[in-house]
$ cat work.txt   # compact mmCIF, C-alpha atoms
# COMPACT_ATOMS: atom_id res chain seq x y z
CA MET A 1 36.47 36.93 -52.80
CA SER A 2 32.69 36.89 -52.67
CA ARG A 3 30.84 33.95 -54.11
CA PRO A 4 29.50 34.74 -57.62
CA ILE A 5 25.77 35.04 -57.97
CA ARG A 6 24.58 32.42 -60.45
CA THR A 7 23.08 33.80 -63.64
CA MET A 8 19.82 31.98 -64.11
CA THR A 9 19.22 31.98 -67.87
CA VAL A 10 21.26 31.74 -71.06
CA ALA A 11 19.60 34.92 -72.34
CA VAL A 12 20.71 36.95 -69.34
CA ALA A 13 24.21 35.48 -69.55
CA ALA A 14 24.49 36.52 -73.19
CA LEU A 15 23.38 40.05 -72.37
CA LEU A 16 25.89 40.28 -69.56
CA LEU A 17 28.74 39.16 -71.83
CA ALA A 18 27.74 41.57 -74.57
CA THR A 19 27.48 44.48 -72.14
CA ALA A 20 30.79 43.61 -70.49
CA CYS A 21 32.63 44.18 -73.78
CA ASN A 22 31.73 47.87 -73.65
CA SER A 23 31.63 48.44 -69.89
CA ALA A 24 34.54 46.48 -68.41
CA VAL A 25 35.87 47.64 -65.08
CA GLY A 26 39.57 47.19 -64.54
CA GLY A 27 41.00 45.62 -61.42
CA GLY A 28 39.35 45.12 -58.06
CA SER A 29 36.90 47.40 -56.33
CA SER A 30 37.29 49.89 -53.52
CA ASP A 31 34.99 52.11 -51.55
CA LYS A 32 37.38 54.97 -52.21
CA ALA A 33 36.94 57.53 -54.99
CA GLY A 34 39.70 60.10 -55.43
CA GLY A 35 41.07 59.35 -51.97
CA SER A 36 37.71 59.66 -50.21
CA VAL A 37 34.84 57.27 -49.58
CA ARG A 38 32.71 56.88 -52.69
CA GLY A 39 29.54 58.96 -52.38
CA VAL A 40 30.31 60.25 -48.88
CA THR A 41 31.23 63.82 -47.95
CA ALA A 42 31.47 65.52 -44.58
CA ASP A 43 27.78 66.39 -44.70
CA SER A 44 26.09 64.05 -47.22
CA VAL A 45 25.71 60.47 -48.46
CA LYS A 46 24.82 59.86 -52.11
CA VAL A 47 22.23 57.14 -52.83
CA GLY A 48 20.45 56.12 -56.04
CA GLY A 49 17.85 53.57 -57.06
CA ILE A 50 17.00 51.14 -59.87
CA VAL A 51 13.30 50.58 -60.56
CA SER A 52 11.22 49.08 -63.39
CA MET A 53 9.16 52.18 -64.13
CA THR A 54 8.21 51.12 -67.65
CA THR A 55 7.65 47.56 -68.90
CA ALA A 56 6.40 45.79 -72.02
CA THR A 57 3.22 44.69 -70.22
CA GLY A 58 2.45 48.15 -68.81
CA TYR A 59 3.13 47.02 -65.24
CA SER A 60 5.05 49.71 -63.36
CA LYS A 61 6.90 49.90 -60.06
CA LYS A 62 7.44 53.67 -60.36
CA ASP A 63 5.98 54.44 -56.93
CA THR A 64 8.92 52.55 -55.40
CA ASP A 65 10.89 55.73 -56.10
CA LEU A 66 8.32 57.83 -54.23
CA GLY A 67 8.47 55.51 -51.23
CA ALA A 68 12.25 55.79 -51.00
CA LYS A 69 12.10 59.56 -51.39
CA ALA A 70 9.51 59.80 -48.62
CA ARG A 71 11.71 57.92 -46.16
CA PHE A 72 14.88 59.79 -47.09
CA ASP A 73 13.05 63.13 -46.88
CA ARG A 74 11.98 62.38 -43.32
CA ALA A 75 15.50 61.30 -42.38
CA ASN A 76 16.84 64.58 -43.74
CA SER A 77 14.20 66.61 -41.91
CA GLU A 78 15.36 64.93 -38.69
CA GLY A 79 18.99 65.86 -39.28
CA GLY A 80 20.13 63.03 -41.54
CA VAL A 81 22.30 60.13 -40.43
CA ASN A 82 25.06 60.97 -37.97
CA GLY A 83 25.03 64.55 -39.24
CA ARG A 84 24.94 63.66 -42.94
CA THR A 85 21.91 64.28 -45.16
CA ILE A 86 20.91 61.74 -47.80
CA ASP A 87 21.51 62.99 -51.33
CA TYR A 88 18.94 60.80 -53.08
CA LEU A 89 19.40 60.94 -56.86
CA GLY A 90 16.14 59.18 -57.61
CA ALA A 91 15.77 55.90 -59.48
CA GLU A 92 17.03 54.77 -62.88
CA ASP A 93 14.42 53.01 -65.04
CA ASP A 94 15.63 49.57 -66.15
CA GLY A 95 12.48 48.86 -68.19
CA GLN A 96 12.52 45.35 -66.69
CA ASP A 97 15.37 44.65 -69.13
CA PRO A 98 18.50 42.73 -67.96
CA ALA A 99 20.90 44.81 -70.06
CA LYS A 100 19.41 48.07 -68.79
CA ASN A 101 19.51 46.82 -65.20
CA LEU A 102 23.25 46.23 -65.44
CA ALA A 103 23.76 49.53 -67.28
CA ALA A 104 21.88 51.39 -64.55
CA ALA A 105 24.03 49.79 -61.86
CA ARG A 106 27.21 50.75 -63.70
CA LYS A 107 26.04 54.33 -64.22
CA LEU A 108 25.12 54.85 -60.58
CA VAL A 109 28.46 53.51 -59.34
CA GLN A 110 30.96 54.58 -62.00
CA GLN A 111 29.42 57.89 -63.11
CA ASP A 112 27.26 59.10 -60.22
CA LYS A 113 29.55 57.63 -57.52
CA VAL A 114 26.79 56.53 -55.16
CA PHE A 115 27.63 54.99 -51.81
CA ALA A 116 24.59 52.72 -51.91
CA ILE A 117 21.65 51.70 -54.08
CA ALA A 118 18.23 51.85 -52.42
CA PRO A 119 15.81 50.81 -53.74
CA MET A 120 16.50 48.09 -56.33
CA SER A 121 13.09 46.87 -57.52
CA SER A 122 12.77 44.82 -60.70
CA THR A 123 12.00 41.28 -61.83
CA THR A 124 15.53 41.16 -63.23
CA PHE A 125 18.74 41.85 -61.33
CA SER A 126 21.57 41.30 -63.80
CA GLY A 127 23.55 44.07 -62.10
CA ALA A 128 23.88 42.03 -58.91
CA ASP A 129 27.31 40.51 -59.67
CA PHE A 130 28.70 43.93 -60.54
CA LEU A 131 27.35 45.56 -57.38
CA GLN A 132 28.65 42.74 -55.22
CA LYS A 133 32.10 42.97 -56.81
CA GLU A 134 32.19 46.74 -56.42
CA LYS A 135 31.09 46.47 -52.77
CA VAL A 136 27.98 48.63 -53.16
CA PRO A 137 25.42 48.17 -50.35
CA THR A 138 22.17 47.49 -52.22
CA PHE A 139 18.65 47.29 -50.80
CA GLY A 140 15.37 46.01 -52.24
CA TRP A 141 12.63 43.45 -51.94
CA GLY A 142 14.38 40.10 -51.63
CA THR A 143 12.18 38.22 -54.10
CA LEU A 144 15.08 37.29 -56.41
CA PRO A 145 17.90 34.78 -55.78
CA SER A 146 20.46 37.60 -55.98
CA PHE A 147 19.26 38.87 -52.59
CA CYS A 148 20.11 35.54 -50.99
CA GLY A 149 23.74 35.03 -50.03
CA PRO A 150 25.75 38.02 -51.31
CA THR A 151 27.31 40.12 -48.57
CA TYR A 152 26.48 43.56 -49.99
CA ILE A 153 22.91 42.95 -51.15
CA TYR A 154 20.05 43.19 -48.65
CA GLY A 155 16.36 42.31 -48.80
CA PHE A 156 14.33 44.63 -46.58
CA GLY A 157 12.34 41.59 -45.46
CA GLY A 158 15.28 39.22 -45.70
CA CYS A 159 15.83 36.54 -48.34
CA MET A 160 12.38 35.79 -49.73
CA VAL A 161 13.47 33.21 -52.33
CA PRO A 162 16.21 31.24 -50.59
CA MET A 163 18.89 29.01 -51.99
CA PRO A 164 19.35 25.48 -50.63
CA GLY A 165 20.57 25.70 -47.07
CA GLY A 166 18.36 28.69 -46.35
CA THR A 167 14.77 28.84 -45.17
CA ILE A 168 11.31 29.59 -46.57
CA SER A 169 8.77 31.95 -45.05
CA GLN A 170 5.49 30.23 -44.21
CA THR A 171 3.42 33.42 -44.20
CA TRP A 172 1.44 32.59 -47.34
CA PRO A 173 0.26 29.03 -46.60
CA GLU A 174 -0.19 29.66 -42.88
CA GLY A 175 -2.20 32.79 -43.56
CA LEU A 176 -4.25 30.98 -46.19
CA LYS A 177 -5.26 28.39 -43.60
CA GLN A 178 -7.40 31.10 -42.01
CA VAL A 179 -9.18 31.50 -45.34
CA THR A 180 -9.61 27.82 -46.26
CA GLY A 181 -10.40 26.60 -42.76
CA GLY A 182 -7.10 24.75 -42.44
CA ALA A 183 -4.96 22.77 -44.86
CA ARG A 184 -6.06 19.23 -44.13
CA GLY A 185 -7.73 17.74 -47.19
CA ARG A 186 -7.18 20.97 -49.15
CA SER A 187 -5.40 21.23 -52.49
CA VAL A 188 -3.63 24.09 -54.27
CA ALA A 189 -2.42 24.77 -57.81
CA ILE A 190 0.52 27.16 -58.32
CA LEU A 191 1.22 29.03 -61.57
CA ALA A 192 4.10 31.38 -62.44
CA ASN A 193 5.89 32.98 -65.40
CA ASP A 194 8.70 31.24 -67.24
CA SER A 195 11.29 33.62 -65.75
CA ASP A 196 14.03 33.40 -63.15
CA ALA A 197 11.66 34.65 -60.49
CA GLY A 198 8.91 32.28 -61.64
CA THR A 199 11.16 29.22 -61.59
CA PHE A 200 12.33 29.95 -58.07
CA ALA A 201 8.81 30.80 -56.93
CA ILE A 202 7.52 27.42 -58.04
CA ARG A 203 10.40 25.61 -56.38
CA THR A 204 9.88 27.54 -53.15
CA TYR A 205 6.09 27.59 -52.85
CA ARG A 206 5.66 23.96 -53.84
CA GLN A 207 7.64 23.04 -50.74
CA SER A 208 6.08 25.79 -48.62
CA PHE A 209 2.45 24.83 -49.22
CA ALA A 210 3.19 21.11 -48.95
CA SER A 211 4.97 21.63 -45.63
CA ALA A 212 1.92 23.52 -44.34
CA GLY A 213 -0.28 20.49 -45.08
CA TYR A 214 -1.75 21.38 -48.48
CA GLU A 215 -1.69 18.93 -51.38
CA VAL A 216 0.04 20.65 -54.29
CA THR A 217 -1.68 19.24 -57.38
CA PHE A 218 -0.14 21.58 -59.96
CA ALA A 219 3.03 23.74 -59.94
CA LYS A 220 4.44 25.17 -63.17
CA SER A 221 6.32 28.25 -64.36
CA SER A 222 4.92 28.09 -67.87
CA VAL A 223 3.29 31.46 -68.68
CA PRO A 224 5.39 33.59 -71.10
CA ALA A 225 7.04 36.43 -69.20
CA GLY A 226 7.24 38.83 -72.13
CA ALA A 227 3.56 39.06 -73.11
CA VAL A 228 0.23 38.45 -71.37
CA PRO A 229 -1.63 35.54 -73.06
CA SER A 230 -4.84 36.44 -74.87
CA ASP A 231 -6.15 32.91 -74.39
CA TRP A 232 -5.86 31.30 -70.95
CA SER A 233 -7.82 28.14 -71.74
CA ALA A 234 -4.78 25.88 -71.92
CA TYR A 235 -3.76 26.90 -68.42
CA THR A 236 -7.22 26.83 -66.85
CA LYS A 237 -8.07 23.39 -68.27
CA GLU A 238 -4.94 21.88 -66.79
CA ILE A 239 -5.41 23.60 -63.43
CA LEU A 240 -9.08 22.69 -63.10
CA ARG A 241 -8.35 18.99 -63.68
CA SER A 242 -5.24 18.85 -61.52
CA ASP A 243 -6.83 17.45 -58.36
CA GLY A 244 -7.66 13.98 -59.58
CA GLY A 245 -9.81 15.35 -62.41
CA LYS A 246 -11.42 18.09 -60.34
CA ALA A 247 -10.55 21.66 -59.40
CA PRO A 248 -8.13 22.47 -56.55
CA ASP A 249 -9.39 24.30 -53.47
CA ALA A 250 -7.11 27.26 -54.17
CA VAL A 251 -5.22 28.71 -57.12
CA VAL A 252 -1.97 30.48 -56.25
CA SER A 253 -0.67 32.91 -58.90
CA VAL A 254 2.91 34.13 -58.53
CA MET A 255 2.63 36.69 -61.34
CA GLN A 256 2.15 40.40 -61.94
CA THR A 257 -1.20 42.18 -62.12
CA PRO A 258 -1.88 42.00 -65.91
CA TYR A 259 -1.38 38.22 -65.79
CA ASN A 260 -3.49 37.81 -62.67
CA ILE A 261 -6.36 39.73 -64.24
CA GLY A 262 -6.31 37.43 -67.25
CA LEU A 263 -5.97 34.21 -65.27
CA PHE A 264 -8.55 35.02 -62.60
CA THR A 265 -11.07 36.29 -65.15
CA ALA A 266 -10.69 33.10 -67.15
CA LEU A 267 -11.09 30.93 -64.04
CA LYS A 268 -14.21 32.80 -62.92
CA ARG A 269 -15.77 32.36 -66.35
CA THR A 270 -15.51 28.60 -65.95
CA GLY A 271 -17.54 28.85 -62.75
CA TYR A 272 -14.57 28.22 -60.47
CA ASP A 273 -15.50 29.26 -56.93
CA GLY A 274 -12.38 28.27 -55.02
CA VAL A 275 -9.86 30.60 -53.38
CA LEU A 276 -7.75 32.86 -55.60
CA THR A 277 -4.58 34.38 -54.22
CA ASP A 278 -1.48 36.26 -55.42
CA PRO A 279 1.34 38.43 -53.99
CA THR A 280 1.05 41.54 -56.19
CA ASP A 281 -2.43 43.08 -56.41
CA TYR A 282 -2.46 45.24 -53.31
CA ASP A 283 -2.94 48.56 -55.08
CA PRO A 284 -5.95 50.88 -54.59
CA ALA A 285 -5.26 52.36 -58.03
CA LEU A 286 -6.46 49.07 -59.51
CA LEU A 287 -9.93 49.85 -58.21
CA ALA A 288 -10.32 52.83 -60.54
CA LYS A 289 -11.32 50.60 -63.44
CA SER A 290 -14.50 48.58 -63.01
CA ALA A 291 -13.23 45.70 -65.17
CA THR A 292 -10.06 45.38 -63.11
CA LYS A 293 -11.96 45.64 -59.84
CA LYS A 294 -14.33 42.90 -60.99
CA ALA A 295 -11.51 40.61 -62.12
CA LEU A 296 -9.71 40.86 -58.78
CA ASP A 297 -12.77 40.86 -56.52
CA GLY A 298 -12.46 38.17 -53.87
CA VAL A 299 -8.72 37.65 -54.39
CA HIS A 300 -6.54 37.26 -51.28
CA ILE A 301 -3.21 39.10 -51.60
CA LEU A 302 -0.05 38.18 -49.72
CA LEU A 303 1.82 41.01 -47.99
CA SER A 304 5.24 40.83 -46.39
CA PHE A 305 4.54 44.02 -44.43
CA GLN A 306 1.79 45.49 -42.27
CA PRO A 307 -1.41 46.18 -44.24
CA PHE A 308 -2.27 49.83 -44.82
CA GLU A 309 -5.54 49.06 -43.03
CA GLN A 310 -3.67 48.23 -39.82
CA ASP A 311 -3.70 51.02 -37.23
CA THR A 312 -0.19 51.36 -35.78
CA PRO A 313 2.11 54.35 -35.12
CA ALA A 314 4.55 53.12 -37.78
CA MET A 315 1.79 52.91 -40.39
CA ALA A 316 0.53 56.38 -39.47
CA GLN A 317 4.07 57.71 -39.93
CA PHE A 318 4.39 55.97 -43.31
CA LYS A 319 1.15 57.53 -44.56
CA GLN A 320 2.21 60.97 -43.35
CA ASP A 321 5.62 60.65 -45.05
CA ILE A 322 4.13 59.52 -48.37
CA LYS A 323 1.62 62.38 -48.40
CA LYS A 324 4.35 64.92 -47.71
CA ALA A 325 6.67 63.55 -50.40
CA ALA A 326 3.87 63.39 -52.98
CA GLY A 327 2.58 66.83 -52.05
CA LYS A 328 -0.98 65.51 -51.77
CA ASP A 329 -3.07 62.52 -50.77
CA VAL A 330 -2.32 59.60 -53.09
CA PRO A 331 -3.58 56.01 -53.16
CA LEU A 332 -1.11 53.80 -51.31
CA ASN A 333 0.44 50.70 -52.90
CA MET A 334 3.02 48.05 -52.16
CA HIS A 335 5.61 49.67 -54.42
CA MET A 336 5.70 52.67 -52.10
CA MET A 337 6.30 50.32 -49.20
CA THR A 338 9.10 48.56 -51.13
CA GLY A 339 10.95 51.84 -51.61
CA TYR A 340 10.21 53.06 -48.11
CA MET A 341 11.42 49.94 -46.30
CA SER A 342 14.47 49.55 -48.57
CA ALA A 343 15.47 53.08 -47.58
CA ASP A 344 14.57 52.40 -43.94
CA LEU A 345 16.89 49.40 -43.65
CA PHE A 346 19.74 51.31 -45.26
CA LEU A 347 19.24 54.21 -42.84
CA ALA A 348 19.10 51.93 -39.80
CA ILE A 349 22.40 50.23 -40.66
CA ALA A 350 24.07 53.52 -41.64
CA GLU A 351 23.07 55.00 -38.27
CA LYS A 352 24.70 52.10 -36.48
CA ALA A 353 27.86 52.45 -38.60
CA GLY A 354 28.58 55.78 -36.92
CA LYS A 355 30.15 59.03 -38.04
CA ASN A 356 33.12 57.37 -39.75
CA LEU A 357 31.06 55.99 -42.65
CA THR A 358 32.89 53.69 -45.04
CA VAL A 359 31.78 50.53 -46.80
CA ALA A 360 33.85 48.59 -44.25
CA SER A 361 32.22 50.30 -41.26
CA PHE A 362 28.81 49.88 -42.86
CA GLN A 363 29.37 46.15 -43.36
CA LYS A 364 30.66 45.74 -39.83
CA ALA A 365 27.48 47.38 -38.51
CA ALA A 366 25.33 45.19 -40.77
CA ASN A 367 26.97 42.00 -39.54
CA SER A 368 25.58 42.54 -36.03
CA PHE A 369 22.42 44.47 -36.86
CA SER A 370 19.00 43.78 -35.38
CA ASP A 371 15.87 45.68 -34.43
CA THR A 372 12.26 44.88 -33.61
CA GLY A 373 8.71 45.98 -34.25
CA THR A 374 9.14 47.36 -37.77
CA MET A 375 6.50 47.18 -40.51
CA VAL A 376 8.19 44.01 -41.75
CA GLY A 377 8.64 42.48 -38.30
CA ASP A 378 11.89 41.86 -36.43
CA ARG A 379 14.95 42.42 -38.65
CA ALA A 380 18.40 40.86 -38.23
CA GLU A 381 21.57 40.61 -40.29
CA PRO A 382 23.34 38.55 -41.49
CA ARG A 383 20.35 36.23 -40.96
CA GLY A 384 18.51 38.11 -43.69
CA ARG A 385 20.99 36.85 -46.28
CA LYS A 386 19.69 33.30 -45.88
CA GLU A 387 16.11 33.60 -44.72
CA SER A 388 13.18 35.98 -44.64
CA PHE A 389 12.08 37.68 -41.46
CA GLY A 390 9.01 35.44 -41.67
CA CYS A 391 6.25 38.00 -41.21
CA GLY A 392 3.24 38.99 -43.27
CA ALA A 393 -0.49 39.18 -43.76
CA LEU A 394 -3.27 38.52 -46.27
CA VAL A 395 -5.80 41.08 -47.44
CA GLN A 396 -8.84 40.42 -49.61
CA LEU A 397 -10.33 42.72 -52.21
CA LYS A 398 -13.98 42.65 -51.29
CA ASP A 399 -16.76 44.85 -52.66
CA GLY A 400 -14.31 47.45 -53.91
CA ARG A 401 -12.08 47.72 -50.84
CA TYR A 402 -9.34 45.79 -49.13
CA VAL A 403 -10.01 44.01 -45.85
CA VAL A 404 -7.58 42.02 -43.71
CA SER A 405 -8.25 38.28 -44.13
CA ALA A 406 -5.20 37.07 -42.16
CA PRO A 407 -3.66 39.61 -39.72
CA PHE A 408 0.04 40.52 -39.82
CA LYS A 409 1.97 37.84 -37.96
CA CYS A 410 5.41 36.21 -37.88
CA TYR A 411 5.72 32.48 -38.54
CA THR A 412 8.61 30.08 -38.02
CA PRO A 413 10.32 29.47 -41.39
CA ILE A 414 11.12 26.00 -42.73
CA PRO A 415 14.41 24.72 -44.23
CA PHE A 416 14.61 25.02 -48.00
CA LYS A 417 15.72 21.78 -49.62
$ encode --input "work.txt" --output "C-alpha cells"
Amino acid sequence: MSRPIRTMTVAVAALLLATACNSAVGGGSSDKAGGSVRGVTADSVKVGGIVSMTTATGYSKKDTDLGAKARFDRANSEGGVNGRTIDYLGAEDDGQDPAKNLAAARKLVQQDKVFAIAPMSSTTFSGADFLQKEKVPTFGWGTLPSFCGPTYIYGFGGCMVPMPGGTISQTWPEGLKQVTGGARGRSVAILANDSDAGTFAIRTYRQSFASAGYEVTFAKSSVPAGAVPSDWSAYTKEILRSDGGKAPDAVVSVMQTPYNIGLFTALKRTGYDGVLTDPTDYDPALLAKSATKKALDGVHILLSFQPFEQDTPAMAQFKQDIKKAAGKDVPLNMHMMTGYMSADLFLAIAEKAGKNLTVASFQKAANSFSDTGTMVGDRAEPRGRKESFGCGALVQLKDGRYVVSAPFKCYTPIPFK
C-alpha cells in the first residue's frame, strides 16, 4: 500500500471528507476498465489535465493547457508513442479550489477513464491521495509536497519542495550570488502566503539560502492566500528592519504575480534599492500594462528551465510547437513550459514502457528512467520523487524586456532537514 500523502491544512481535510461522502470509490484500484487498460486502446492513449484557469485573485495558469497540447500535438504528428496517438482531452479548471481539484481528478479517472493526468498545475492538490490510490500516473510542476514521495505522481523537474530525507535545489541562492556579488555578508528576507505551498516554501528556502551563505533575517508565510492586501505597510516595515534594524540586501517573494506587484511596489516607494526576486513573474504578457511593467522592473525571476532567451535546438522546437498549437505567434510564459514539460516527461516514460502499455509497465519503465540535456536538465526516476533535478536560471526584467542574469546551470542539491 502506498504511503498516504499528508493533508496540510484542516480546511483541506474538511473539504476532502465532505466530498468523499458523495464521491466514494469502492474497493481497491486497478488499471483495468472493462477488461482493458484504462484509457488505452490499440491506437490511442487518453490523457487529461487539471489547471487553475480561473482564480479569486485573477491569476491564471490557463496557458499550461496550451503547452501540453503543443507537446502532444507534435508527438502525434510524429506517429504517437509506440504507434498510439495521444487523445488529449484538455484541462479541467479547478479554480484553485481544493474541492474542485479533487472533483476534477475523480471526473477524469472515473468518468473520462484517462490513463494519465498531464499536466496538473495548481497551488492546491487535494486530488493527490485519490490519484495515488487509483494508480494514475500524474505529471506537473513539483512545487507542492504531493509531488514528493508518491509513486504515481511526477514533477517534471523532480521534487521541488522536498520532505525530510530529500534534498533542496540550490538554483535560486547560487544564481542570486551572481547578482549580489556573492553571499558573504549578504542578508535576505523571505515572504510567502499562508498556504500549504507558502509554509513549505519558507521551510525550504530558509535552509537553502542559509546553506548558500546568506543570512536569513526574515522568513514568514503570513500574507493571506485568498486576497491580495491593499496595504502592505505592515509587511514592509517588518522586512525593512529585519537586518538588525536595517534593510536586507535582497527580498525573496515566494508568491504569485498580483502579490508580487503589491509587495515590490510598496518596497520601492520606501526607497528600497536592494535586490528583488521571485519565482513567478516570467511572463511577457505582464509587460502590456505600464503599471505592471514598472512594478516588476528590475526583479530577478527564478526559472527551473531554460530561459526563452537561450538559443538552443530544444528551445527553438518549443517555440515552433507553441506557435503551431496556438495558430499564431503568442507571447511565451512559464505556464506554457509547465504544460509542455509535464507532457514531455509522460511521453518519454511511455515510450520506454513499450507497445504493451499498462500502468504496471509504465511504472516499471519509470523506475529506471533517465535522460539528459532536456530543457530542465538531466532527468532521472525514481530520484525525482525525492529531489529536484537541480537546474535553473535567473532572468531580470530590465527596461521592458527580460535578460538572463544567471545562465541556466545545474547545481548540487543539499539535504533537506
$ residues_around --input "work.txt" --residues "Ser126 in chain A" --least-positions-apart "4" --cutoff "7 Å" --atoms "all atoms listed in the file" --output "PyMOL selection string"
chain A and resi 98+101-102
$ closest_residue --input "work.txt" --among "A:Ala326, A:Ile190, A:Ala406, A:Leu286" --to "Leu302 in chain A" --atoms "only C-alpha atoms"
A:Ala406
$ residues_around --input "work.txt" --residues "Ala118 in chain A" --least-positions-apart "6" --cutoff "8 Å" --atoms "all atoms listed in the file" --output "list in words"
Val47, Gly48, Gly49, Ile50, Ala68, Thr138, Phe139, Gly140, Gly339, Ser342, Ala343 and Phe346 of chain A
$ atom_distance --input "work.txt" --atom1 "CA of Gly274 in chain A" --atom2 "CA of Tyr259 in chain A"
18.3 Å
$ atom_distance --input "work.txt" --atom1 "CA of Ala314 in chain A" --atom2 "CA of Leu287 in chain A"
25.3 Å
$ residues_around --input "work.txt" --residues "Pro145 in chain A" --least-positions-apart "2" --cutoff "8 Å" --atoms "all atoms listed in the file" --output "compact mmCIF listing (two decimals) with C-alpha atoms, in the coordinates of the input"
# COMPACT_ATOMS: atom_id res chain seq x y z
CA GLY A 142 14.38 40.10 -51.63
CA THR A 143 12.18 38.22 -54.10
CA PHE A 147 19.26 38.87 -52.59
CA CYS A 148 20.11 35.54 -50.99
CA CYS A 159 15.83 36.54 -48.34
CA VAL A 161 13.47 33.21 -52.33
CA PRO A 162 16.21 31.24 -50.59
CA MET A 163 18.89 29.01 -51.99
CA ALA A 197 11.66 34.65 -60.49
CA PHE A 200 12.33 29.95 -58.07
$ atom_distance --input "work.txt" --atom1 "CA of Gly83 in chain A" --atom2 "CA of Ala348 in chain A"
14.0 Å
$ closest_residue --input "work.txt" --among "A:Ala234, A:Val216, A:Val403, A:Val254" --to "Ala201 in chain A" --atoms "only C-alpha atoms"
A:Val254
$ closest_residue --input "work.txt" --among "A:Tyr402, A:Phe305, A:Tyr154, A:Phe318" --to "Leu131 in chain A" --atoms "all atoms listed in the file"
A:Tyr154
$ residues_around --input "work.txt" --residues "Gly149 in chain A" --least-positions-apart "6" --cutoff "12 Å" --atoms "all atoms listed in the file" --output "list in words"
Ser2, Arg3, Pro4, Ile5, Arg6, Ala128, Asp129, Gln132, Gly142, Gly155, Gly158, Cys159, Met160, Val161, Pro162, Met163, Pro164, Gly165, Gly166, Thr167, Glu381, Pro382, Arg383, Gly384, Arg385, Lys386, Glu387 and Ser388 of chain A
$ closest_residue --input "work.txt" --among "A:Ala365, A:Arg38, A:Ile261, A:Val179" --to "Lys294 in chain A" --atoms "only C-alpha atoms"
A:Ile261
$ residues_near_point --input "work.txt" --point "(-3.2, 46.6, -40.0)" --cutoff "12 Å" --atoms "only C-alpha atoms" --output "PyMOL selection string"
chain A and resi 303+305-316+375-376+392-395+402-409
$ closest_residue --input "work.txt" --among "A:Thr265, A:Ile117, A:Ser44, A:Phe362" --to "Ala350 in chain A" --atoms "only C-alpha atoms"
A:Phe362
$ residues_around --input "work.txt" --residues "Phe389 in chain A" --least-positions-apart "6" --cutoff "8 Å" --atoms "only C-alpha atoms" --output "PyMOL selection string"
chain A and resi 157-159+169+376-380+410
$ residues_near_point --input "work.txt" --point "(-8.4, 49.4, -53.0)" --cutoff "8 Å" --atoms "all atoms listed in the file" --output "PyMOL selection string"
chain A and resi 282-287+397+400-402
$ closest_atom_pairs --input "work.txt" --of "range 111-173 of chain A" --to "range 328-337 of chain A" --cutoff "12 Å" --atoms "all atoms listed in the file" --output "tab-separated table"
residue	atom	partner	partner_atom	distance
A:Pro119	CA	A:His335	CA	10.3
A:Met120	CA	A:His335	CA	11.2
A:Ser121	CA	A:His335	CA	8.6
A:Ser122	CA	A:His335	CA	10.7
A:Gly140	CA	A:Met337	CA	10.5
A:Trp141	CA	A:His335	CA	9.7
A:Phe156	CA	A:Met337	CA	10.2
A:Gly157	CA	A:Met337	CA	11.3
$ closest_residue --input "work.txt" --among "A:Lys46, A:Arg269, A:Lys220, A:Lys323" --to "Gly80 in chain A" --atoms "only C-alpha atoms"
A:Lys46
$ axis_aligned_box --input "work.txt" --around "range 153-156 of chain A" --padding-each-side "8 Å" --output "AutoDock Vina command-line options"
--center_x 18.6 --center_y 43.5 --center_z -48.9 --size_x 24.6 --size_y 18.3 --size_z 20.6
